[in-house]
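Trainee: One structure is given below, represented as structure tokens, and several questions about it will come after.
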Amino acid sequence: MKKPIVFLSVLVLLVVLAGCGGQSSAPSPSQTQKPQLITVNDGSKNLQNGDPVRGGVTVTFTGSGPADAIIRVYLNGTLLGSTTTNSAGSFTWSWTSGTTEGTFAFAFTAKAEELLESDQETFSLVVDTTPPYFLSCSAKADAPLDAAPTITVQFNEPVVIGDVNLFEHLAYWAVNCVACPGGSHFTVTEATLEEGSQTVTLTGKWDTDQLVTGDQVMVHFIYNSLMDIKDRAGNAFSTPLSILTCTVTP
Ligand SMILES: [Ca+2]
């Protein structure tokens with residue numbers, strides 16, 4: 001019973017593959033060869049497809065295509081500009097990010113004389129103009145004399161920290177009680193930046209500290225610029241003192 005179905009499936013697959021092959025491999029004789037991006041650079045480093053960039057940064061796209069062809073650049077589907085390849089087939093094109101945040105989807109095509117415009121070479125950048133900051137903290141109640149209580153503090157986005165040892169130094173971290181009828185008590189003995197670089201775990205003393213449901217605690221973080229905290233786009237953390245309040249949850 002199953003054989004005809006399998007046969008049909010294989011047949012359909014072959015037809016689909018043949019169809020795809022006809023579209024995506026070598027261009028038809030009347031179509032220009034698609035251009036290729038070689039490097040995309042923001043002045044200090046090469047960027048990968050989907051990378052974040054700051055506002056006001058000039059990004060240079062370098063690529064190759066057919067010699068003496070027109071390279072058209074589309075942004076989010078609209079023609080933005082054009083340039084030409086030289087006799088060796090090279091081209092460069094620059095774009096400066098503005099104050100608008102979001103994804104910018106670029107598409108490059110080539111058009112040689114007498115031929116049709118090529119397929120698109122695409123590349124996306126995410127413009128991020130907002131410096132990283134501490135968004136929230138969370139504290140969970142712990143059982144007395146059980147494991148050490150912990151409080152976590154979250155950045156709004158993943159960060160890149162130049163000096164993690166300085167960042168994790170206890171001199172820059174403190175936890176106070178705002179309203180603690182339950183008797184919560186917390187002394188920071190350890191500050192750890194978690195994998196993913198967005199969350200910091202503060203650890204209290206296991207024998208004398210406690211977090212009780214309903215109590216309100218406050219986390220203080222003092223920023224030292226030598227820590228060199230940036231977001232992935234390169235925007236610098238700049239809040240001298242971060243204060244976060246959180247209620248202990250069960
Ligand atoms: Ca940011």
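Ligands are numbered from 1 in the order shown, chains are lettered A, B, ... in the order of the structure tokens, and residues start at 1 in each chain.
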Can I get the residues of chain A within 6 Å of ligand 1, each with the closest pair of atoms and their distance in Å to one decimal, using only C-alpha atoms and all ligand atoms, sorted chain first then ascending number, as CSV?
Mentor:
```
residue,atom,partner,partner_atom_place_in_ligand_line,distance
A:Asp128,CA,ligand 1,1 (Ca),5.1
A:Thr129,CA,ligand 1,1 (Ca),5.9
A:Thr130,CA,ligand 1,1 (Ca),4.2
A:Pro131,CA,ligand 1,1 (Ca),4.7
A:Pro132,CA,ligand 1,1 (Ca),5.0
A:Asp231,CA,ligand 1,1 (Ca),5.3
```
Trainee: Looking only at the backbone, which of the residues in range 144-221 of chain A does DSSP tag as helix (DSSP H, G or I), as a ChimeraX atom specification?
Mentor: /A:164-167,170-172
Trainee: Tell me, as a VMD selection string, which residues lie within 9 Å of Thr85 in chain A, counting only C-alpha atoms; anything in the same chain fewer than 6 positions away does not count.
Mentor: chain A and resid 63 to 71 91 to 92 110
Trainee: Output N, CA and C atoms for every residue in that selection, as a PDB file, in the first residue's frame.
Mentor:
```
ATOM      1  N   GLY A  63      32.782  44.699  -2.291  1.00  0.00           N
ATOM      2  CA  GLY A  63      32.386  43.457  -2.942  1.00  0.00           C
ATOM      3  C   GLY A  63      32.916  43.354  -4.349  1.00  0.00           C
ATOM      4  N   SER A  64      32.457  42.305  -5.019  1.00  0.00           N
ATOM      5  CA  SER A  64      32.878  42.108  -6.404  1.00  0.00           C
ATOM      6  C   SER A  64      31.689  41.686  -7.252  1.00  0.00           C
ATOM      7  N   GLY A  65      31.807  41.944  -8.535  1.00  0.00           N
ATOM      8  CA  GLY A  65      30.753  41.591  -9.491  1.00  0.00           C
ATOM      9  C   GLY A  65      31.348  41.626 -10.886  1.00  0.00           C
ATOM     10  N   PRO A  66      30.517  41.597 -11.889  1.00  0.00           N
ATOM     11  CA  PRO A  66      31.035  41.687 -13.260  1.00  0.00           C
ATOM     12  C   PRO A  66      31.727  43.045 -13.461  1.00  0.00           C
ATOM     13  N   ALA A  67      32.718  43.099 -14.304  1.00  0.00           N
ATOM     14  CA  ALA A  67      33.449  44.347 -14.569  1.00  0.00           C
ATOM     15  C   ALA A  67      32.522  45.402 -15.165  1.00  0.00           C
ATOM     16  N   ASP A  68      32.766  46.643 -14.772  1.00  0.00           N
ATOM     17  CA  ASP A  68      32.042  47.804 -15.326  1.00  0.00           C
ATOM     18  C   ASP A  68      30.524  47.644 -15.312  1.00  0.00           C
ATOM     19  N   ALA A  69      30.023  47.146 -14.207  1.00  0.00           N
ATOM     20  CA  ALA A  69      28.572  46.972 -14.074  1.00  0.00           C
ATOM     21  C   ALA A  69      28.025  47.985 -13.073  1.00  0.00           C
ATOM     22  N   ILE A  70      26.733  48.222 -13.142  1.00  0.00           N
ATOM     23  CA  ILE A  70      26.079  49.087 -12.157  1.00  0.00           C
ATOM     24  C   ILE A  70      25.683  48.220 -10.955  1.00  0.00           C
ATOM     25  N   ILE A  71      26.052  48.670  -9.767  1.00  0.00           N
ATOM     26  CA  ILE A  71      25.641  47.981  -8.540  1.00  0.00           C
ATOM     27  C   ILE A  71      24.521  48.819  -7.924  1.00  0.00           C
ATOM     28  N   PHE A  91      33.876  46.805  -6.162  1.00  0.00           N
ATOM     29  CA  PHE A  91      33.091  48.002  -5.825  1.00  0.00           C
ATOM     30  C   PHE A  91      33.125  48.238  -4.319  1.00  0.00           C
ATOM     31  N   THR A  92      32.939  49.508  -3.924  1.00  0.00           N
ATOM     32  CA  THR A  92      32.738  49.823  -2.506  1.00  0.00           C
ATOM     33  C   THR A  92      31.547  50.765  -2.429  1.00  0.00           C
ATOM     34  N   ALA A 110      23.596  43.544  -9.415  1.00  0.00           N
ATOM     35  CA  ALA A 110      24.489  44.036 -10.475  1.00  0.00           C
ATOM     36  C   ALA A 110      23.707  44.088 -11.780  1.00  0.00           C
TER      37      ALA A 110
END
```
Trainee: Using DSSP assignments from the backbone, pull out every residue in range 77-188 of chain A that falls under strand (DSSP E) and give it to me as a ChimeraX atom specification.
Mentor: /A:78-84,90-96,102-111,121-127,134-140,150-155,159-161,173-179
Trainee: Against range 36-60 of chain A, which residues of range 80-102 of chain A fall within 10 Å? For each one I want the closest pair of atoms and the distance in Å (one decimal), counting only C-alpha atoms, rows by chain and increasing residue number, as a tab-separated table.
Mentor:
```
residue	atom	partner	partner_atom	distance
A:Ser90	CA	A:Gln36	CA	9.7
A:Phe91	CA	A:Leu37	CA	9.1
A:Thr92	CA	A:Thr60	CA	6.7
A:Trp93	CA	A:Thr60	CA	5.8
A:Ser94	CA	A:Thr60	CA	4.4
A:Trp95	CA	A:Val59	CA	5.3
A:Thr96	CA	A:Thr58	CA	4.1
A:Ser97	CA	A:Gly56	CA	4.9
A:Gly98	CA	A:Gly55	CA	5.0
A:Thr99	CA	A:Gly55	CA	5.4
A:Thr100	CA	A:Gly55	CA	7.6
A:Glu101	CA	A:Gly55	CA	7.9
A:Gly102	CA	A:Pro52	CA	9.3
```
Trainee: Would you compute the distance between CA of Pro240 in chain A and CA of Ile222 in chain A? Give it in Å to one decimal.
Mentor: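 So the answer is 5.9 Å.
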Trainee: Between A:Phe155, A:Tyr172, A:Phe167, A:Phe221, single out the one closest to Gly196 in chain A, counting only C-alpha atoms.
Mentor: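 Answer, going by the shortest atom-to-atom distance: A:Phe155.
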Trainee: Thr247 in chain A: which residues within 10 Å, counting only C-alpha atoms, same-chain residues fewer than 3 positions away excluded, as JSON, numbers by chain?
Mentor: {"A": [137, 138, 139, 140, 141, 178, 179, 180, 211, 212, 213, 214, 215, 216, 217, 218, 250]}
Trainee: Of the residues A:Val159, A:Ile151, A:Val175, A:Val248, which is the one nearest to Gly234 in chain A, using only C-alpha atoms?
Mentor: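 Smallest distance to Gly234 in chain A is found for A:Val159.
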Trainee: List the neighbours of range 187-194 of chain A out to 6 Å using only C-alpha atoms; skip same-chain residues closer than 2 positions along the sequence, and give me the result as a compact mmCIF listing (two decimals) with C-alpha atoms, in the first residue's frame.
Mentor:
```txt
# COMPACT_ATOMS: atom_id res chain seq x y z
CA GLU A 168 32.61 41.50 39.99
CA SER A 197 26.44 38.31 29.77
CA THR A 199 22.50 38.54 34.21
CA VAL A 200 24.54 39.05 37.38
CA THR A 201 24.04 36.74 40.36
CA LEU A 202 24.71 38.18 43.83
CA THR A 203 25.26 35.59 46.54
CA GLY A 204 24.65 36.23 50.24
```
Trainee: Counting only C-alpha atoms, which residue out of A:Leu166, A:Phe108, A:Asn176, A:Glu195 sits closest to Ser225 in chain A?
Mentor: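 Closest candidate: A:Leu166.
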